[in-house]
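Right, one structure below, let's go through it.
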Amino acid sequence: MSTILESTPSPAVEIPPIADEYDVVIVGAGPAGLMASTCLTTFGFSVLHIDDRAEPTTAGRADGLQPRTIEVLRNIGGVKLDNTPGFLASGKAPFSGAGLAKRMISQGVRVYEVAFWDPTETEQLARTSRAPSCPTDIIDVQDPYTLLLHQGMIEHSFLDEVEAVSTATLFTHAIHSSNSDPQRRRRLPADKLKPAPLGGVSRPYLFETCSHDPSTNATHPVSATFTHAVTKKNHVVRSKYLLGCDGAKSLVRRAMAGGAVGDGEWSGSIRMLGEASDIVWGVMDVVVKTNFPDIMDKCMIHSKDSGSIMVIPRENGLVRLYVQLQADGGPGTATHYGRDAPQEICIERAKKIFQPFELEVGYVDWFSVYQIGQRISSHYMMEDQRIILGGDATHTHSPKAGQGMNISMLDMYSLCWKINLVEKNMADHSVLIPTYETERRGIAEALLKFDTAYSKMFSGRSPDATQLTSDATKAVKKGVGAVDAQKFIDAFKQNAFFTSGCGAVYGANILNALPDSDIAQATKAGVFNPAGTKLVCGQRLLPGLVTRAVDANRVRIQQEIKMTGAFRVHVFAGDFQTSKPALAAFEKFITAPTSFHNVHRPAAGVTSSIVDGTGATGRHIETAKATIERNPFFTYLTVFSTPHTEWEIEDLPYSLRSYRDYVYSDDVQEVRTYGQAAPMHFKYGVDVTKGSIIAVRPDGYVGAVVDLSEDGFAGLNAYFKQFLTGAK
């Protein structure tokens, strides 16, 4: 972990030169842009990352990581230091445990519970309910909490993860380091490792405009123009893609739209659709003294007539307060202060809402005012699909549900693996890239619907809880008055699955073989989504523990394959002896030149990422002749219901035993599956006498579930053929 040494001044840093061409230019170095940079660097691309700020976030802004985001950060892992530039590590060796997640968890505050405070018939303010932040009876996650830490800490974690310099250089920049520090950029091939400052972000650069013109440069059709804020030196750079992660008032969006400055948004061929309410809130990170008993819990507080407040415990003894800036007059009749309301008004309103409890506000680390509104971009990309928006540049909403930063980061996580497949000639650009907008727009629309109703309810305008997920627009019109405490509590609980991030569900398309998908409809009934299957395509793979056969370690199957850009093919084989004929048939299928493994193969020397995730350890001597050549875009995991003590890896077909680090027995008991002989088979709905194959997308979502049979093998071929190509 890296820590800034406050007492050591940083020397002047020479501005690294800007090259003429890059694979990808990223504008904006908030969490969304940094997620994109981390992913694309891992996939082996040259990235120019610019930001208009002279330094990362120092205080405030976004502050909450939800369980699904933590799960993704765990999967990204951490890459260990290596002094050989361009070195391609094999197997799992370069991954250092949870990496990003481990660092952030160690720095943040975990919130497991939410307290609700409301006026009652006998008390001015009383605790009326408690609820888990992430109810584990309905949400299956490894980290059942919200992690709170300010955005700057998150940014620094990403910056260190993509760092390109040696440990010695880190010390000269006043950063304490160790041999375990990550070095993703260091592993890039020589032609991709271009000069970049500490952390890979060039600052401060002012973006001016961009355009798409393949006639002047077919391989790098995007042109971006920007200027250094200090030296005023102007740059024009060509790239294959440009990602606009530059926030709600995105200059990239304006350049794409051809619009002019409007009323805080941009207009033109791309517009932000939606509206703002008259509800104004203040937010401040403060040190407080109080006799309020739940100040270290996340709290939703509704006063009788002074507005509402949300309490968020934060790192380093801080507390974040979201304060409704409502003037006196009561819900339905009160007016709100404007966006120019000063810090003193925010503190005054907070004290009033907390009554009869006392609140003393000391040090104020950060303060801001915002007006509640929900907007979504009319388009995420233009027809060229080369200049692409993400994060707050595509959707804006209130911050109280703790969703914005999470969904923004996962926008880029969803996009980058698709760019990787396209640029490695494994997929057609016009087929795969459009799925980014269709999938992520659906999530943003669900968020805005939820946020519209949730914000109005929290601010004293309360639709029925069930209408939060059905028709929030109509619900908003039904009642204006005091907050209905029970409705608000019910709404929070009912929507916990969505707010955890696990409710980000994709519909049927070429990537998600749901029962109503084209591929499932065109295939014999029962081939896709066989009877009894509990996994749902278009949803994340459910987590769980298995025993790794090579070392008898209990491991989390969803984290065994780190982010390498490869598809993960889980062969749940059931009973070892019973499965032998089916696995022999799988061996015959997968080694045939017509299998998806061999049809969708990259050109020689092309890898899925800077880390070879195929499971080759180099320590095992294989005496049998190889029957299959590895494909870096597919990794295979085999799970048996029979304990590993009753069979040998050597008895597996070569195509599966060659991934010997990814062979498991399903014999670890968990609370959700206690008493089941094969807990993960049970959780996934796999018949131990038949088996199933689960194709998991590079982002951890289930793509297809088929039987472990000849029909299932053909189904996998048909599934991958929809969107994968391969070297011509």
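Naming works like this for the structure tokens: A, B, ... for the chains as they're shown, residue 1 at the start of each chain, ligands 1 onward in shown order.
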Please identify every residue of stretch 119-142 of chain A that has at least one atom no farther than 9 Å from an atom of stretch 494-512 of chain A, counting only C-alpha atoms, and for each give the shortest atom pair and the distance in Å to one decimal, arranged by chain then increasing number, as JSON lines.
{"residue": "A:Ser133", "atom": "CA", "partner": "A:Ala496", "partner_atom": "CA", "distance": 7.5}
{"residue": "A:Cys134", "atom": "CA", "partner": "A:Ala496", "partner_atom": "CA", "distance": 6.4}
{"residue": "A:Pro135", "atom": "CA", "partner": "A:Ala496", "partner_atom": "CA", "distance": 7.3}
{"residue": "A:Ile138", "atom": "CA", "partner": "A:Phe497", "partner_atom": "CA", "distance": 7.3}
{"residue": "A:Ile139", "atom": "CA", "partner": "A:Phe497", "partner_atom": "CA", "distance": 6.2}
{"residue": "A:Asp140", "atom": "CA", "partner": "A:Cys502", "partner_atom": "CA", "distance": 8.6}
{"residue": "A:Val141", "atom": "CA", "partner": "A:Cys502", "partner_atom": "CA", "distance": 8.5}
Could you write out that same residue set with C-alpha atoms as a short mmCIF file (atom, residue, chain, number, x, y, z; two decimals), in the first residue's frame?
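Once written, selection.cif looks like this:
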data_model
loop_
_atom_site.label_atom_id
_atom_site.label_comp_id
_atom_site.auth_asym_id
_atom_site.auth_seq_id
_atom_site.Cartn_x
_atom_site.Cartn_y
_atom_site.Cartn_z
CA SER A 133 -27.25 -2.22 4.65
CA CYS A 134 -27.05 -5.37 2.52
CA PRO A 135 -29.60 -7.98 3.69
CA ILE A 138 -31.80 -11.84 -0.33
CA ILE A 139 -28.33 -10.72 -1.52
CA ASP A 140 -25.55 -13.28 -1.91
CA VAL A 141 -22.23 -11.39 -1.64
#
Per-residue nearest contacts of stretch 5-80 of chain A to stretch 380-386 of chain A (12 Å; only C-alpha atoms) as JSON lines:
{"residue": "A:Asp23", "atom": "CA", "partner": "A:Arg386", "partner_atom": "CA", "distance": 11.1}
{"residue": "A:Val24", "atom": "CA", "partner": "A:Arg386", "partner_atom": "CA", "distance": 9.6}
{"residue": "A:Val25", "atom": "CA", "partner": "A:Arg386", "partner_atom": "CA", "distance": 10.6}
{"residue": "A:Ile26", "atom": "CA", "partner": "A:Arg386", "partner_atom": "CA", "distance": 11.9}
Within 7 Å of stretch 218-233 of chain A, counting only C-alpha atoms, which residues qualify if same-chain residues fewer than 6 places away don't, as a PDB file with N, CA, C and O atoms, in the first residue's frame?
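Output file out01.pdb is given in full below:
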ATOM      1  N   PRO A 204      -2.209  19.352 -15.759  1.00  0.00           N
ATOM      2  CA  PRO A 204      -3.629  19.563 -16.069  1.00  0.00           C
ATOM      3  C   PRO A 204      -3.768  19.894 -17.558  1.00  0.00           C
ATOM      4  O   PRO A 204      -3.122  20.823 -18.057  1.00  0.00           O
ATOM      5  N   TYR A 205      -4.572  19.149 -18.245  1.00  0.00           N
ATOM      6  CA  TYR A 205      -4.806  19.371 -19.671  1.00  0.00           C
ATOM      7  C   TYR A 205      -6.269  19.731 -19.894  1.00  0.00           C
ATOM      8  O   TYR A 205      -7.161  19.064 -19.342  1.00  0.00           O
ATOM      9  N   LEU A 206      -6.504  20.752 -20.677  1.00  0.00           N
ATOM     10  CA  LEU A 206      -7.853  21.232 -20.950  1.00  0.00           C
ATOM     11  C   LEU A 206      -8.318  20.691 -22.295  1.00  0.00           C
ATOM     12  O   LEU A 206      -7.773  21.031 -23.349  1.00  0.00           O
ATOM     13  N   PHE A 207      -9.311  19.834 -22.249  1.00  0.00           N
ATOM     14  CA  PHE A 207      -9.867  19.259 -23.480  1.00  0.00           C
ATOM     15  C   PHE A 207     -10.590  20.346 -24.272  1.00  0.00           C
ATOM     16  O   PHE A 207     -11.331  21.160 -23.708  1.00  0.00           O
ATOM     17  N   GLU A 208     -10.390  20.350 -25.577  1.00  0.00           N
ATOM     18  CA  GLU A 208     -11.033  21.348 -26.432  1.00  0.00           C
ATOM     19  C   GLU A 208     -12.070  20.729 -27.362  1.00  0.00           C
ATOM     20  O   GLU A 208     -13.222  21.144 -27.378  1.00  0.00           O
ATOM     21  N   THR A 209     -11.666  19.747 -28.144  1.00  0.00           N
ATOM     22  CA  THR A 209     -12.626  19.148 -29.072  1.00  0.00           C
ATOM     23  C   THR A 209     -12.115  17.793 -29.542  1.00  0.00           C
ATOM     24  O   THR A 209     -10.954  17.416 -29.294  1.00  0.00           O
ATOM     25  N   CYS A 210     -12.985  17.066 -30.226  1.00  0.00           N
ATOM     26  CA  CYS A 210     -12.611  15.777 -30.800  1.00  0.00           C
ATOM     27  C   CYS A 210     -13.471  15.532 -32.034  1.00  0.00           C
ATOM     28  O   CYS A 210     -14.538  16.138 -32.212  1.00  0.00           O
ATOM     29  N   SER A 211     -13.011  14.644 -32.883  1.00  0.00           N
ATOM     30  CA  SER A 211     -13.753  14.315 -34.099  1.00  0.00           C
ATOM     31  C   SER A 211     -13.362  12.936 -34.584  1.00  0.00           C
ATOM     32  O   SER A 211     -12.333  12.381 -34.157  1.00  0.00           O
ATOM     33  N   HIS A 212     -14.169  12.415 -35.480  1.00  0.00           N
ATOM     34  CA  HIS A 212     -13.913  11.095 -36.067  1.00  0.00           C
ATOM     35  C   HIS A 212     -13.769  11.262 -37.570  1.00  0.00           C
ATOM     36  O   HIS A 212     -14.694  11.718 -38.244  1.00  0.00           O
ATOM     37  N   SER A 239      -6.202   8.561 -32.083  1.00  0.00           N
ATOM     38  CA  SER A 239      -6.423   7.330 -31.318  1.00  0.00           C
ATOM     39  C   SER A 239      -7.482   6.478 -31.995  1.00  0.00           C
ATOM     40  O   SER A 239      -8.175   6.929 -32.917  1.00  0.00           O
ATOM     41  N   LYS A 240      -7.587   5.251 -31.529  1.00  0.00           N
ATOM     42  CA  LYS A 240      -8.625   4.351 -32.027  1.00  0.00           C
ATOM     43  C   LYS A 240      -9.964   4.639 -31.351  1.00  0.00           C
ATOM     44  O   LYS A 240     -11.016   4.480 -31.958  1.00  0.00           O
ATOM     45  N   TYR A 241      -9.896   5.037 -30.085  1.00  0.00           N
ATOM     46  CA  TYR A 241     -11.100   5.357 -29.314  1.00  0.00           C
ATOM     47  C   TYR A 241     -10.816   6.577 -28.444  1.00  0.00           C
ATOM     48  O   TYR A 241      -9.674   6.827 -28.058  1.00  0.00           O
ATOM     49  N   LEU A 242     -11.881   7.290 -28.111  1.00  0.00           N
ATOM     50  CA  LEU A 242     -11.820   8.338 -27.096  1.00  0.00           C
ATOM     51  C   LEU A 242     -12.975   8.118 -26.141  1.00  0.00           C
ATOM     52  O   LEU A 242     -14.135   8.008 -26.570  1.00  0.00           O
TER      53      LEU A 242
END
*asked:* Neighbouring residues of A:Met256 were defined as those with any atom within 8 Å, considering only C-alpha atoms; residues of the same chain fewer than 2 positions away were excluded. Please report them as a ChimeraX atom specification.
replied: /A:210-211,252-254,258,269-270,382,387
*Could you check which of A:Gln142, A:Leu716, A:Ile295, A:Pro602 is closest to A:Val555, using only C-alpha atoms?*
A:Gln142
*Just the alpha helix (DSSP H) stuff from stretch 653-721 of chain A, please, per backbone DSSP, written as a ChimeraX atom specification.*
/A:654-657,679-684,710-721
Which residues of stretch 319-372 of chain A have any atom within 12 Å of an atom in stretch 117-122 of chain A when counting only C-alpha atoms, and what is the closest pair of atoms for each, with the distance in Å to one decimal? Order the rows by chain and rising number and write it as CSV.
residue,atom,partner,partner_atom,distance
A:Ile353,CA,A:Asp118,CA,10.4
A:Phe354,CA,A:Trp117,CA,9.8
A:Gln355,CA,A:Pro119,CA,10.5
A:Pro356,CA,A:Pro119,CA,10.7
A:Phe357,CA,A:Trp117,CA,12.0
_Report, in Å to a single decimal, how far apart atom CA of A:Ile443 and atom CA of A:Met284 are._
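Between atom CA of A:Met284 and atom CA of A:Ile443 the gap is 28.3 Å.
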Please build the interface table for stretch 527-613 of chain A against stretch 97-111 of chain A with a cut-off of 12 Å, listing for each qualifying residue the nearest atom pair and the distance in Å to one decimal; count only C-alpha atoms, order rows by chain and increasing number, and write it as CSV.
residue,atom,partner,partner_atom,distance
A:Val555,CA,A:Gly97,CA,11.6
A:Arg556,CA,A:Ala98,CA,11.7
A:Gln559,CA,A:Ala98,CA,8.9
A:Glu560,CA,A:Gly97,CA,10.1
A:Ile561,CA,A:Gly97,CA,11.4
A:Lys562,CA,A:Ala98,CA,9.5
A:Met563,CA,A:Ala98,CA,11.4
Take the residues that were just selected and, keeping N, CA, C and O atoms, output them as a PDB file, in the first residue's frame.
ATOM      1  N   VAL A 555     -11.404 -21.901  -1.701  1.00  0.00           N
ATOM      2  CA  VAL A 555     -11.285 -20.668  -2.480  1.00  0.00           C
ATOM      3  C   VAL A 555     -12.664 -20.226  -2.955  1.00  0.00           C
ATOM      4  O   VAL A 555     -13.607 -21.028  -3.026  1.00  0.00           O
ATOM      5  N   ARG A 556     -12.757 -18.957  -3.301  1.00  0.00           N
ATOM      6  CA  ARG A 556     -14.013 -18.401  -3.816  1.00  0.00           C
ATOM      7  C   ARG A 556     -14.008 -18.529  -5.334  1.00  0.00           C
ATOM      8  O   ARG A 556     -13.177 -17.917  -6.008  1.00  0.00           O
ATOM      9  N   GLN A 559     -13.758 -15.613  -7.735  1.00  0.00           N
ATOM     10  CA  GLN A 559     -12.522 -14.824  -7.742  1.00  0.00           C
ATOM     11  C   GLN A 559     -11.314 -15.618  -8.211  1.00  0.00           C
ATOM     12  O   GLN A 559     -10.207 -15.084  -8.262  1.00  0.00           O
ATOM     13  N   GLU A 560     -11.485 -16.874  -8.584  1.00  0.00           N
ATOM     14  CA  GLU A 560     -10.357 -17.688  -8.979  1.00  0.00           C
ATOM     15  C   GLU A 560      -9.702 -17.182 -10.262  1.00  0.00           C
ATOM     16  O   GLU A 560      -8.495 -17.246 -10.417  1.00  0.00           O
ATOM     17  N   ILE A 561     -10.483 -16.707 -11.197  1.00  0.00           N
ATOM     18  CA  ILE A 561      -9.941 -16.131 -12.429  1.00  0.00           C
ATOM     19  C   ILE A 561     -10.032 -14.618 -12.302  1.00  0.00           C
ATOM     20  O   ILE A 561     -11.121 -14.056 -12.247  1.00  0.00           O
ATOM     21  N   LYS A 562      -8.891 -13.964 -12.242  1.00  0.00           N
ATOM     22  CA  LYS A 562      -8.889 -12.514 -12.147  1.00  0.00           C
ATOM     23  C   LYS A 562      -9.196 -11.899 -13.508  1.00  0.00           C
ATOM     24  O   LYS A 562      -9.369 -12.601 -14.506  1.00  0.00           O
ATOM     25  N   MET A 563      -9.284 -10.583 -13.555  1.00  0.00           N
ATOM     26  CA  MET A 563      -9.664  -9.891 -14.783  1.00  0.00           C
ATOM     27  C   MET A 563      -8.554 -10.002 -15.830  1.00  0.00           C
ATOM     28  O   MET A 563      -7.529  -9.342 -15.747  1.00  0.00           O
TER      29      MET A 563
END
From a DSSP pass on the backbone, collect the residues of stretch 105-249 of chain A flagged as strand (DSSP E or B) and hand them back as a tab-separated table (two decimals) with C-alpha atoms, in the first residue's frame.
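The result, written out as result.tsv:
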chain	number	residue	atom	x	y	z
A	109	VAL	CA	-15.46	2.46	7.05
A	110	ARG	CA	-17.80	-0.52	6.67
A	111	VAL	CA	-21.49	0.13	7.13
A	113	GLU	CA	-26.63	-1.39	9.26
A	114	VAL	CA	-28.91	1.56	8.63
A	115	ALA	CA	-30.95	3.26	11.36
A	116	PHE	CA	-34.19	5.13	10.66
A	117	TRP	CA	-35.20	8.07	12.84
A	118	ASP	CA	-38.61	9.73	12.70
A	126	ALA	CA	-36.92	8.49	17.80
A	127	ARG	CA	-35.33	5.45	16.21
A	128	THR	CA	-38.18	3.67	14.46
A	129	SER	CA	-36.34	0.86	12.70
A	130	ARG	CA	-33.05	-0.72	11.79
A	131	ALA	CA	-32.18	-2.61	8.62
A	132	PRO	CA	-29.06	-4.28	7.24
A	146	THR	CA	-21.27	-0.40	2.04
A	147	LEU	CA	-17.67	0.79	2.17
A	148	LEU	CA	-17.25	4.50	2.89
A	175	ILE	CA	5.42	8.05	-1.85
A	176	HIS	CA	6.25	5.14	0.39
A	201	VAL	CA	-2.59	10.59	-15.75
A	202	SER	CA	-1.35	13.70	-17.57
A	205	TYR	CA	-4.81	19.37	-19.67
A	206	LEU	CA	-7.85	21.23	-20.95
A	207	PHE	CA	-9.87	19.26	-23.48
A	208	GLU	CA	-11.03	21.35	-26.43
A	209	THR	CA	-12.63	19.15	-29.07
A	210	CYS	CA	-12.61	15.78	-30.80
A	211	SER	CA	-13.75	14.31	-34.10
A	212	HIS	CA	-13.91	11.09	-36.07
A	222	VAL	CA	-10.28	9.75	-33.73
A	223	SER	CA	-8.64	13.15	-33.32
A	224	ALA	CA	-8.50	14.93	-29.95
A	225	THR	CA	-7.30	18.47	-29.28
A	226	PHE	CA	-6.28	19.71	-25.85
A	227	THR	CA	-3.97	22.23	-24.20
A	228	HIS	CA	-1.75	22.14	-21.13
A	234	ASN	CA	-1.49	22.64	-27.73
A	235	HIS	CA	-1.67	18.97	-28.73
A	236	VAL	CA	-3.55	17.08	-31.42
A	237	VAL	CA	-3.53	13.33	-30.82
A	238	ARG	CA	-4.91	10.45	-32.88
A	239	SER	CA	-6.42	7.33	-31.32
A	240	LYS	CA	-8.63	4.35	-32.03
A	241	TYR	CA	-11.10	5.36	-29.31
A	242	LEU	CA	-11.82	8.34	-27.10
A	243	LEU	CA	-13.68	7.80	-23.83
A	244	GLY	CA	-15.49	10.78	-22.30
*Give me the residues within 6 Å of stretch 420-431 of chain A as a list in words, counting only C-alpha atoms and dropping any in the same chain fewer than 2 places off.*
Trp417, Lys418, Ile433, Phe723, Leu724, Thr725 and Gly726 of chain A
*Can you pull out every residue within 9 Å of A:Val527, counting only C-alpha atoms, but drop anything in the same chain fewer than 3 positions away, and send it as a PyMOL selection string?*
chain A and resi 520+523-524+530+705-707+709+711-712+714-715
Keeping N, CA, C and O atoms for every residue in the selection just given, could you write it to a file as a CSV table (one decimal), in the first residue's frame?
chain,number,residue,atom,x,y,z
A,520,ALA,N,-31.6,-18.9,-27.8
A,520,ALA,CA,-32.4,-19.9,-27.0
A,520,ALA,C,-33.7,-20.3,-27.8
A,520,ALA,O,-34.1,-21.5,-27.8
A,523,THR,N,-33.0,-22.7,-30.7
A,523,THR,CA,-32.3,-24.0,-30.3
A,523,THR,C,-33.3,-24.9,-29.7
A,523,THR,O,-34.3,-24.4,-29.1
A,524,LYS,N,-33.1,-26.2,-29.8
A,524,LYS,CA,-34.0,-27.1,-29.1
A,524,LYS,C,-34.2,-26.8,-27.7
A,524,LYS,O,-33.3,-26.5,-26.9
A,530,PRO,N,-31.1,-25.3,-18.9
A,530,PRO,CA,-31.7,-26.6,-18.6
A,530,PRO,C,-32.6,-26.6,-17.4
A,530,PRO,O,-32.4,-25.7,-16.5
A,705,VAL,N,-25.9,-20.9,-20.0
A,705,VAL,CA,-25.9,-22.2,-19.3
A,705,VAL,C,-26.5,-23.3,-20.1
A,705,VAL,O,-27.6,-23.1,-20.7
A,706,VAL,N,-25.7,-24.4,-20.3
A,706,VAL,CA,-26.1,-25.5,-21.2
A,706,VAL,C,-25.8,-26.8,-20.4
A,706,VAL,O,-25.1,-26.8,-19.5
A,707,ASP,N,-26.5,-27.8,-21.0
A,707,ASP,CA,-26.2,-29.2,-20.4
A,707,ASP,C,-24.8,-29.6,-20.8
A,707,ASP,O,-24.2,-29.2,-21.8
A,709,SER,N,-23.5,-32.0,-22.5
A,709,SER,CA,-24.0,-33.0,-23.4
A,709,SER,C,-23.6,-32.5,-24.8
A,709,SER,O,-23.2,-31.4,-25.0
A,711,ASP,N,-25.7,-31.8,-27.2
A,711,ASP,CA,-26.5,-30.7,-27.5
A,711,ASP,C,-26.0,-29.4,-26.9
A,711,ASP,O,-26.0,-28.3,-27.5
A,712,GLY,N,-25.5,-29.5,-25.6
A,712,GLY,CA,-24.9,-28.4,-24.9
A,712,GLY,C,-23.7,-27.9,-25.6
A,712,GLY,O,-23.5,-26.7,-25.7
A,714,ALA,N,-22.9,-28.1,-28.8
A,714,ALA,CA,-23.4,-27.4,-30.0
A,714,ALA,C,-24.0,-26.0,-29.6
A,714,ALA,O,-23.8,-25.0,-30.4
A,715,GLY,N,-24.7,-26.0,-28.5
A,715,GLY,CA,-25.2,-24.7,-28.0
A,715,GLY,C,-24.1,-23.7,-27.7
A,715,GLY,O,-24.3,-22.5,-28.1
_Long-range neighbours of A:Arg554 as a list of chain:residue names, 12 Å cut-off, only C-alpha atoms, 6 positions minimum in chain_ =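 Here the answer would be A:Gly544, A:Leu545, A:Val546, A:Thr547, A:Arg548, A:Glu560, A:His644, A:Val663, A:Tyr664, A:Ser665, A:Asp666, A:Asp667, A:Val668, A:Gln669, A:Glu670.
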Got time to write the residues from that selection, N, CA and C atoms, as a PDB file, in the first residue's frame?
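Dumped everything to again.pdb:
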ATOM      1  N   GLY A 544     -19.327 -18.311  -4.167  1.00  0.00           N
ATOM      2  CA  GLY A 544     -19.356 -19.519  -3.354  1.00  0.00           C
ATOM      3  C   GLY A 544     -17.981 -20.117  -3.180  1.00  0.00           C
ATOM      4  N   LEU A 545     -17.871 -21.010  -2.209  1.00  0.00           N
ATOM      5  CA  LEU A 545     -16.610 -21.655  -1.866  1.00  0.00           C
ATOM      6  C   LEU A 545     -16.531 -23.061  -2.439  1.00  0.00           C
ATOM      7  N   VAL A 546     -15.333 -23.413  -2.913  1.00  0.00           N
ATOM      8  CA  VAL A 546     -15.037 -24.770  -3.365  1.00  0.00           C
ATOM      9  C   VAL A 546     -13.641 -25.126  -2.862  1.00  0.00           C
ATOM     10  N   THR A 547     -13.298 -26.410  -2.972  1.00  0.00           N
ATOM     11  CA  THR A 547     -11.963 -26.853  -2.564  1.00  0.00           C
ATOM     12  C   THR A 547     -11.096 -27.055  -3.800  1.00  0.00           C
ATOM     13  N   ARG A 548      -9.983 -26.341  -3.873  1.00  0.00           N
ATOM     14  CA  ARG A 548      -9.077 -26.479  -5.007  1.00  0.00           C
ATOM     15  C   ARG A 548      -8.280 -27.769  -4.848  1.00  0.00           C
ATOM     16  N   GLU A 560     -11.485 -16.874  -8.584  1.00  0.00           N
ATOM     17  CA  GLU A 560     -10.357 -17.688  -8.979  1.00  0.00           C
ATOM     18  C   GLU A 560      -9.702 -17.182 -10.262  1.00  0.00           C
ATOM     19  N   HIS A 644     -12.423 -34.274  -3.459  1.00  0.00           N
ATOM     20  CA  HIS A 644     -11.179 -34.415  -4.220  1.00  0.00           C
ATOM     21  C   HIS A 644     -10.311 -35.559  -3.709  1.00  0.00           C
ATOM     22  N   VAL A 663      -9.186 -26.934 -10.981  1.00  0.00           N
ATOM     23  CA  VAL A 663      -9.999 -28.136 -10.789  1.00  0.00           C
ATOM     24  C   VAL A 663     -10.378 -28.205  -9.313  1.00  0.00           C
ATOM     25  N   TYR A 664     -11.647 -28.448  -9.023  1.00  0.00           N
ATOM     26  CA  TYR A 664     -12.158 -28.294  -7.659  1.00  0.00           C
ATOM     27  C   TYR A 664     -13.126 -29.428  -7.279  1.00  0.00           C
ATOM     28  N   SER A 665     -13.313 -29.553  -5.983  1.00  0.00           N
ATOM     29  CA  SER A 665     -14.410 -30.382  -5.480  1.00  0.00           C
ATOM     30  C   SER A 665     -15.388 -29.489  -4.739  1.00  0.00           C
ATOM     31  N   ASP A 666     -16.648 -29.822  -4.861  1.00  0.00           N
ATOM     32  CA  ASP A 666     -17.741 -29.010  -4.309  1.00  0.00           C
ATOM     33  C   ASP A 666     -18.169 -29.605  -2.981  1.00  0.00           C
ATOM     34  N   ASP A 667     -17.438 -29.272  -1.920  1.00  0.00           N
ATOM     35  CA  ASP A 667     -17.692 -29.910  -0.628  1.00  0.00           C
ATOM     36  C   ASP A 667     -17.549 -28.945   0.551  1.00  0.00           C
ATOM     37  N   VAL A 668     -17.705 -27.655   0.293  1.00  0.00           N
ATOM     38  CA  VAL A 668     -17.575 -26.655   1.353  1.00  0.00           C
ATOM     39  C   VAL A 668     -18.961 -26.163   1.752  1.00  0.00           C
ATOM     40  N   GLN A 669     -19.289 -26.325   3.005  1.00  0.00           N
ATOM     41  CA  GLN A 669     -20.609 -25.929   3.493  1.00  0.00           C
ATOM     42  C   GLN A 669     -20.665 -24.427   3.763  1.00  0.00           C
ATOM     43  N   GLU A 670     -21.777 -23.817   3.389  1.00  0.00           N
ATOM     44  CA  GLU A 670     -22.053 -22.420   3.673  1.00  0.00           C
ATOM     45  C   GLU A 670     -23.440 -22.311   4.290  1.00  0.00           C
TER      46      GLU A 670
END
*Rounded to one decimal in Å, what is the spacing between atom CA of A:Ala678 and atom CA of A:Leu514?*
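Between atom CA of A:Ala678 and atom CA of A:Leu514 the gap is 25.2 Å.
Nearest residue to A:Gln577, choosing from A:Pro293, A:Gly700, A:Gly30, A:Pro643 and counting only C-alpha atoms: A:Pro643.
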*Pick from A:Ser378, A:Tyr719, A:Val27, A:Leu359 nearest to A:Gln521, counting only C-alpha atoms*: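 Closest candidate: A:Tyr719.
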